[in-house]
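Asker: Below is the file protein-v6.cif, which contains mmCIF, C-alpha atoms.
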```cif
data_query
loop_
_atom_site.group_PDB
_atom_site.id
_atom_site.type_symbol
_atom_site.label_atom_id
_atom_site.label_comp_id
_atom_site.auth_asym_id
_atom_site.auth_seq_id
_atom_site.Cartn_x
_atom_site.Cartn_y
_atom_site.Cartn_z
ATOM 1 C CA MET W 3 77.109 131.754 87.410
ATOM 2 C CA THR W 4 79.059 129.398 89.666
ATOM 3 C CA GLN W 5 81.552 127.220 87.857
ATOM 4 C CA THR W 6 82.308 123.690 89.087
ATOM 5 C CA VAL W 7 85.910 122.525 89.010
ATOM 6 C CA TYR W 8 86.557 118.789 89.355
ATOM 7 C CA ILE W 9 89.946 117.802 90.770
ATOM 8 C CA ARG W 10 91.367 114.298 90.934
ATOM 9 C CA LEU W 11 94.754 114.139 92.603
ATOM 10 C CA ARG W 12 97.211 111.507 91.496
ATOM 11 C CA ARG W 13 98.304 109.158 94.250
ATOM 12 C CA LYS W 14 102.047 109.343 93.568
ATOM 13 C CA ILE W 15 104.382 110.959 91.045
ATOM 14 C CA ASN W 16 108.146 111.135 90.509
ATOM 15 C CA ILE W 17 109.901 114.438 89.874
ATOM 16 C CA GLN W 18 113.581 115.136 89.382
ATOM 17 C CA LYS W 19 115.068 117.373 92.067
ATOM 18 C CA GLY W 20 115.430 120.986 91.027
ATOM 19 C CA LYS W 21 112.429 120.928 88.699
ATOM 20 C CA PRO W 22 109.212 122.761 89.614
ATOM 21 C CA ILE W 23 105.979 120.856 90.223
ATOM 22 C CA PHE W 24 103.029 122.103 88.189
ATOM 23 C CA VAL W 25 99.299 121.544 88.603
ATOM 24 C CA LYS W 26 99.256 119.263 85.548
ATOM 25 C CA ASP W 27 101.829 116.998 87.254
ATOM 26 C CA VAL W 28 99.782 116.291 90.371
ATOM 27 C CA ALA W 29 96.158 116.417 89.265
ATOM 28 C CA ASP W 30 93.633 115.849 86.515
ATOM 29 C CA ILE W 31 91.281 118.820 86.376
ATOM 30 C CA GLN W 32 88.045 119.273 84.464
ATOM 31 C CA ALA W 33 85.860 122.370 84.440
ATOM 32 C CA PRO W 34 82.989 122.663 81.939
ATOM 33 C CA HIS W 35 83.093 125.783 79.783
ATOM 34 C CA ILE W 36 86.454 126.875 81.252
ATOM 35 C CA LYS W 37 89.795 126.720 79.467
ATOM 36 C CA MET W 38 92.194 125.115 81.917
ATOM 37 C CA ASP W 39 95.431 125.297 79.882
ATOM 38 C CA ARG W 40 96.835 128.302 81.731
ATOM 39 C CA PHE W 41 95.758 126.970 85.117
ATOM 40 C CA LEU W 42 97.405 123.573 84.517
ATOM 41 C CA LYS W 43 100.739 125.335 84.010
ATOM 42 C CA LEU W 44 100.625 127.029 87.419
ATOM 43 C CA LYS W 45 103.515 126.186 89.721
ATOM 44 C CA VAL W 46 102.561 124.355 92.917
ATOM 45 C CA VAL W 47 105.965 123.786 94.535
ATOM 46 C CA GLU W 48 109.550 124.681 93.649
ATOM 47 C CA THR W 49 112.008 121.887 94.467
ATOM 48 C CA ASP W 50 115.632 122.401 95.482
ATOM 49 C CA VAL W 51 118.290 120.246 93.843
ATOM 50 C CA SER W 52 120.472 120.497 96.973
ATOM 51 C CA SER W 53 117.678 119.503 99.356
ATOM 52 C CA SER W 54 118.022 116.307 101.370
ATOM 53 C CA GLU W 55 114.260 115.711 101.286
ATOM 54 C CA THR W 56 113.042 112.664 99.437
ATOM 55 C CA TYR W 57 109.301 113.333 99.479
ATOM 56 C CA VAL W 58 106.952 116.297 99.159
ATOM 57 C CA LEU W 59 103.275 116.022 100.077
ATOM 58 C CA ILE W 60 100.694 118.053 98.156
ATOM 59 C CA ASP W 61 97.390 117.954 99.977
ATOM 60 C CA GLN W 62 93.876 118.629 98.702
ATOM 61 C CA LEU W 63 93.880 121.816 100.778
ATOM 62 C CA ASP W 64 96.896 123.083 98.814
ATOM 63 C CA MET W 65 95.016 122.625 95.552
ATOM 64 C CA ILE W 66 91.874 124.263 96.935
ATOM 65 C CA GLU W 67 93.885 127.286 98.060
ATOM 66 C CA LEU W 68 95.562 127.570 94.667
ATOM 67 C CA ILE W 69 92.253 127.384 92.810
ATOM 68 C CA ARG W 70 90.625 129.947 95.121
ATOM 69 C CA LYS W 71 93.361 132.467 94.271
ATOM 70 C CA HIS W 72 92.584 132.295 90.558
ATOM 71 C CA MET W 73 88.896 131.352 90.623
ATOM 72 C CA PRO W 74 87.367 132.748 93.849
ATOM 73 C CA SER W 75 83.798 131.862 92.945
ATOM 74 C CA ALA W 76 84.481 128.314 91.748
ATOM 75 C CA GLU W 77 82.739 125.363 93.326
ATOM 76 C CA ILE W 78 85.336 122.639 93.901
ATOM 77 C CA GLU W 79 84.617 118.913 93.710
ATOM 78 C CA LEU W 80 87.438 116.667 94.944
ATOM 79 C CA LEU W 81 87.819 113.107 93.665
ATOM 80 C CA GLY W 82 90.280 110.289 94.188
ATOM 81 C CA ALA W 83 93.261 110.474 96.549
ATOM 82 C CA SER W 84 93.355 112.934 99.439
ATOM 83 C CA ALA W 85 96.964 113.881 98.666
ATOM 84 C CA THR W 86 99.690 113.440 96.072
ATOM 85 C CA LEU W 87 102.983 111.997 97.248
ATOM 86 C CA VAL W 88 105.833 113.454 95.201
ATOM 87 C CA GLU W 89 109.047 111.447 95.209
ATOM 88 C CA LEU W 90 112.068 113.611 94.490
ATOM 89 C CA ARG W 91 114.747 111.815 92.525
ATOM 90 C CA ASN W 92 118.314 112.735 91.776
ATOM 91 C CA VAL W 93 119.607 112.935 88.229
ATOM 92 C CA GLU W 94 119.616 109.412 86.847
ATOM 93 C CA LYS W 95 123.012 107.922 86.194
ATOM 94 C CA LYS W 96 123.799 105.412 83.495
ATOM 95 C CA GLY W 97 123.782 101.837 84.688
ATOM 96 C CA SER W 98 127.045 100.027 85.286
ATOM 97 C CA LEU W 99 127.476 96.745 83.387
ATOM 98 C CA PRO W 100 129.853 95.215 85.997
ATOM 99 C CA LEU W 101 127.392 96.120 88.771
ATOM 100 C CA PHE W 102 124.512 94.607 86.790
ATOM 101 C CA LEU W 103 126.455 91.370 86.211
ATOM 102 C CA PHE W 104 127.433 91.205 89.879
ATOM 103 C CA VAL W 105 123.854 91.647 91.107
ATOM 104 C CA TRP W 106 122.514 89.215 88.503
ATOM 105 C CA SER W 107 125.115 86.582 89.525
ATOM 106 C CA LEU W 108 124.358 87.116 93.193
ATOM 107 C CA LEU W 109 120.620 86.631 92.660
ATOM 108 C CA PHE W 110 121.142 83.638 90.366
ATOM 109 C CA VAL W 111 123.447 81.845 92.819
ATOM 110 C CA GLY W 112 121.219 82.754 95.769
ATOM 111 C CA ALA W 113 118.105 81.400 94.059
ATOM 112 C CA GLY W 114 119.945 78.207 93.065
ATOM 113 C CA LEU W 115 121.203 77.635 96.607
ATOM 114 C CA THR W 116 117.708 78.218 98.001
ATOM 115 C CA ILE W 117 116.261 75.531 95.735
ATOM 116 C CA MET W 118 119.080 73.098 96.562
ATOM 117 C CA TYR W 119 118.750 73.686 100.307
ATOM 118 C CA PHE W 120 115.009 73.085 100.085
ATOM 119 C CA HIS W 121 115.496 69.845 98.142
ATOM 120 C CA GLU W 122 118.105 68.670 100.634
ATOM 121 C CA ASP W 123 115.880 69.592 103.565
ATOM 122 C CA VAL W 124 112.948 67.520 102.279
ATOM 123 C CA SER W 125 115.178 64.668 100.992
ATOM 124 C CA MET W 126 114.075 65.233 97.409
ATOM 125 C CA LYS W 127 116.693 62.897 95.937
ATOM 126 C CA GLU W 128 115.558 59.971 98.087
ATOM 127 C CA THR W 129 111.948 60.773 97.277
ATOM 128 C CA GLN W 130 112.644 60.674 93.537
ATOM 129 C CA ILE W 131 114.560 57.401 93.854
ATOM 130 C CA THR W 132 111.622 55.900 95.745
ATOM 131 C CA MET W 133 109.111 57.148 93.162
ATOM 132 C CA VAL W 134 111.150 55.654 90.301
ATOM 133 C CA GLN W 135 111.449 52.379 92.212
ATOM 134 C CA MET W 136 107.672 52.285 92.681
ATOM 135 C CA MET W 137 107.117 52.854 88.937
ATOM 136 C CA THR W 138 109.815 50.541 87.538
ATOM 137 C CA GLY W 139 110.557 48.069 90.319
ATOM 138 C CA GLN W 140 114.259 48.972 90.123
ATOM 139 C CA ARG W 141 116.250 51.140 92.500
ATOM 140 C CA LEU W 142 118.401 53.633 90.608
ATOM 141 C CA GLU W 143 120.720 55.925 92.568
ATOM 142 C CA HIS W 144 120.653 58.472 89.733
ATOM 143 C CA PRO W 145 117.314 58.312 87.854
ATOM 144 C CA PHE W 146 118.270 60.986 85.327
ATOM 145 C CA TRP W 147 115.313 60.250 83.043
ATOM 146 C CA PHE W 148 113.124 61.426 85.932
ATOM 147 C CA GLN W 149 115.332 64.163 87.408
ATOM 148 C CA ILE W 150 116.128 66.026 84.162
ATOM 149 C CA PRO W 151 112.445 66.583 83.165
ATOM 150 C CA TYR W 152 111.759 67.521 86.788
ATOM 151 C CA SER W 153 114.476 70.216 86.634
ATOM 152 C CA PHE W 154 113.094 71.670 83.404
ATOM 153 C CA GLY W 155 109.567 71.520 84.817
ATOM 154 C CA LEU W 156 110.689 73.386 87.923
ATOM 155 C CA GLY W 157 112.046 76.267 85.838
ATOM 156 C CA ILE W 158 109.033 76.378 83.508
ATOM 157 C CA GLY W 159 106.695 76.258 86.499
ATOM 158 C CA MET W 160 108.421 79.272 88.079
ATOM 159 C CA ILE W 161 108.144 81.232 84.829
ATOM 160 C CA LEU W 162 104.432 80.441 84.511
ATOM 161 C CA PHE W 163 103.800 81.168 88.210
ATOM 162 C CA PHE W 164 105.369 84.636 88.059
ATOM 163 C CA ASN W 165 103.966 85.277 84.543
ATOM 164 C CA HIS W 166 107.257 86.827 83.436
ATOM 165 C CA ILE W 167 110.234 86.023 81.292
ATOM 166 C CA PHE W 168 112.528 89.038 81.486
ATOM 167 C CA GLN W 169 110.250 91.976 80.523
ATOM 168 C CA LYS W 170 107.680 89.886 78.662
ATOM 169 C CA LYS W 171 104.371 88.885 80.246
ATOM 170 C CA PHE W 172 102.291 86.000 78.912
ATOM 171 C CA ASN W 173 98.956 87.635 79.769
ATOM 172 C CA GLU W 174 97.520 90.643 81.599
ATOM 173 C CA GLU W 175 96.739 88.722 84.778
ATOM 174 C CA PRO W 176 98.957 89.916 87.656
ATOM 175 C CA SER W 177 101.218 87.354 89.261
ATOM 176 C CA PRO W 178 101.207 86.758 93.047
ATOM 177 C CA LEU W 179 104.486 88.700 93.198
ATOM 178 C CA ASP W 180 102.897 91.662 91.373
ATOM 179 C CA VAL W 181 100.045 91.693 93.879
ATOM 180 C CA GLU W 182 102.378 91.521 96.879
ATOM 181 C CA VAL W 183 104.584 94.311 95.507
ATOM 182 C CA TYR W 184 101.480 96.437 94.835
ATOM 183 C CA ASN W 185 100.171 95.907 98.376
ATOM 184 C CA TYR W 186 103.589 96.734 99.805
ATOM 185 C CA GLU W 187 103.848 99.944 97.766
ATOM 186 C CA GLN W 188 100.332 100.997 98.796
ATOM 187 C CA SER W 189 101.118 100.448 102.480
ATOM 188 C CA LEU W 190 104.455 102.243 102.132
ATOM 189 C CA GLU W 191 102.840 105.246 100.441
ATOM 190 C CA ASP W 192 100.136 105.454 103.126
ATOM 191 C CA TYR W 193 102.801 105.376 105.833
ATOM 192 C CA ILE W 194 104.895 108.092 104.167
ATOM 193 C CA VAL W 195 101.823 110.302 103.686
ATOM 194 C CA ASP W 196 100.965 109.964 107.400
ATOM 195 C CA GLN W 197 104.543 110.800 108.388
ATOM 196 C CA GLU W 198 104.680 113.828 106.091
ATOM 197 C CA ARG W 199 101.410 115.121 107.538
ATOM 198 C CA LYS W 200 102.768 114.715 111.074
ATOM 199 C CA LYS W 201 105.909 116.651 110.107
ATOM 200 C CA ALA W 202 103.803 119.410 108.559
ATOM 201 C CA ALA W 203 101.662 119.608 111.705
ATOM 202 C CA GLN W 204 104.799 119.951 113.871
ATOM 203 C CA TYR W 205 106.091 122.797 111.675
ATOM 204 C CA ASP W 206 102.728 124.578 111.951
ATOM 205 C CA HIS W 207 102.961 124.470 115.735
#
```
Using structure tokens, write down the structure that the file contains.
Answerer:
Amino acid sequence: MTQTVYIRLRRKINIQKGKPIFVKDVADIQAPHIKMDRFLKLKVVETDVSSSETYVLIDQLDMIELIRKHMPSAEIELLGASATLVELRNVEKKGSLPLFLFVWSLLFVGAGLTIMYFHEDVSMKETQITMVQMMTGQRLEHPFWFQIPYSFGLGIGMILFFNHIFQKKFNEEPSPLDVEVYNYEQSLEDYIVDQERKKAAQYDH
């Protein structure tokens, strides 16, 4: 009786350099009436801690070949991604507090300057003075009662727009930044997969 094995490759995984990559790391596999525990522990690729490579590509054909060795009569059904992109990472080092504070300060000052340059470019101060004059009939060079709430509103608006305050999200809806980062990562992964396949084709020739 022919057994059907369903394979769904993961799109991308992260593995520390020097550690082997097993079937369970790169794919979800289901096969009715077959115990897959031993098969999931099979080694797909051995990584080298001294290697300069950053990525390893595991294609559907690699998984088919591996399954055929252990289950020659199996009927294979492939689902999901056509390949798994494995990112090889070095041993993680503990974060540096001075480096964190430096980067945080740099981003904070940069964001503040960006907002100030924008306000100066569009003459925001003069606009606020004019708006206050239209509402009160008096021209105030420093309408703090208007500018202070505006400053708080600007910060609160940014928090609500990006749906984040530190690690906390207000709801499950992705922010525009989340969507842009996701699209960028998808495009980057597709590009890397194409490049890895081209490299593999050159090696074959």
Asker: Got a sec: who's within 8 Å of Ala85 of chain W, counting only C-alpha atoms, leaving out chain neighbours fewer than 2 positions off, as a list in words?
Answerer: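 Selected residues are Leu11, Arg12, Arg13, Leu59, Ile60, Asp61, Gln62, Ala83, Leu87 and Val195 of chain W.
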Asker: Keeping only C-alpha atoms, take the residues you just selected and write them out as a PDB file, keeping the file's coordinate frame.
Answerer:
```
ATOM      1  CA  LEU W  11      94.754 114.139  92.603  1.00  0.00           C
ATOM      2  CA  ARG W  12      97.211 111.507  91.496  1.00  0.00           C
ATOM      3  CA  ARG W  13      98.304 109.158  94.250  1.00  0.00           C
ATOM      4  CA  LEU W  59     103.275 116.022 100.077  1.00  0.00           C
ATOM      5  CA  ILE W  60     100.694 118.053  98.156  1.00  0.00           C
ATOM      6  CA  ASP W  61      97.390 117.954  99.977  1.00  0.00           C
ATOM      7  CA  GLN W  62      93.876 118.629  98.702  1.00  0.00           C
ATOM      8  CA  ALA W  83      93.261 110.474  96.549  1.00  0.00           C
ATOM      9  CA  LEU W  87     102.983 111.997  97.248  1.00  0.00           C
ATOM     10  CA  VAL W 195     101.823 110.302 103.686  1.00  0.00           C
TER      11      VAL W 195
END
```
Asker: Could you put an axis-aligned box around every listed atom of segment 183-187 of chain W, padded by 4 Å on each side, and send me its centre and edge lengths in Å to one decimal, as lines of an AutoDock Vina configuration file?
Answerer:
```
center_x = 102.4
center_y = 97.1
center_z = 97.3
size_x = 12.4
size_y = 13.6
size_z = 13.0
```
Asker: So what do you get for atom CA of Gly20 of chain W versus atom CA of Thr86 of chain W, distance-wise?
Answerer: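 These atoms are spaced 18.2 Å apart.
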Asker: Contacts of Pro34 of chain W at 8 Å or less, counting all atoms listed in the file, minus same-chain residues fewer than 3 places along, as a list in words?
Answerer: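 Near Pro34 of chain W, the qualifying residues are Gln5, Thr6 and Val7 of chain W.
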Asker: For atom CA of Lys45 of chain W and atom CA of Val25 of chain W, quote the distance in Å rounded to one decimal.
Answerer: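 The value is 6.4 Å.
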Asker: For this structure, which residues satisfy the selection - the PyMOL selection byres ((chain W and resi 63-65) around 12) - when it is evaluated on the file as given? I want them as a ChimeraX atom specification.
Answerer: /W:7-11,24-26,28-31,41-42,44-47,59-62,66-73,78-80,84-86
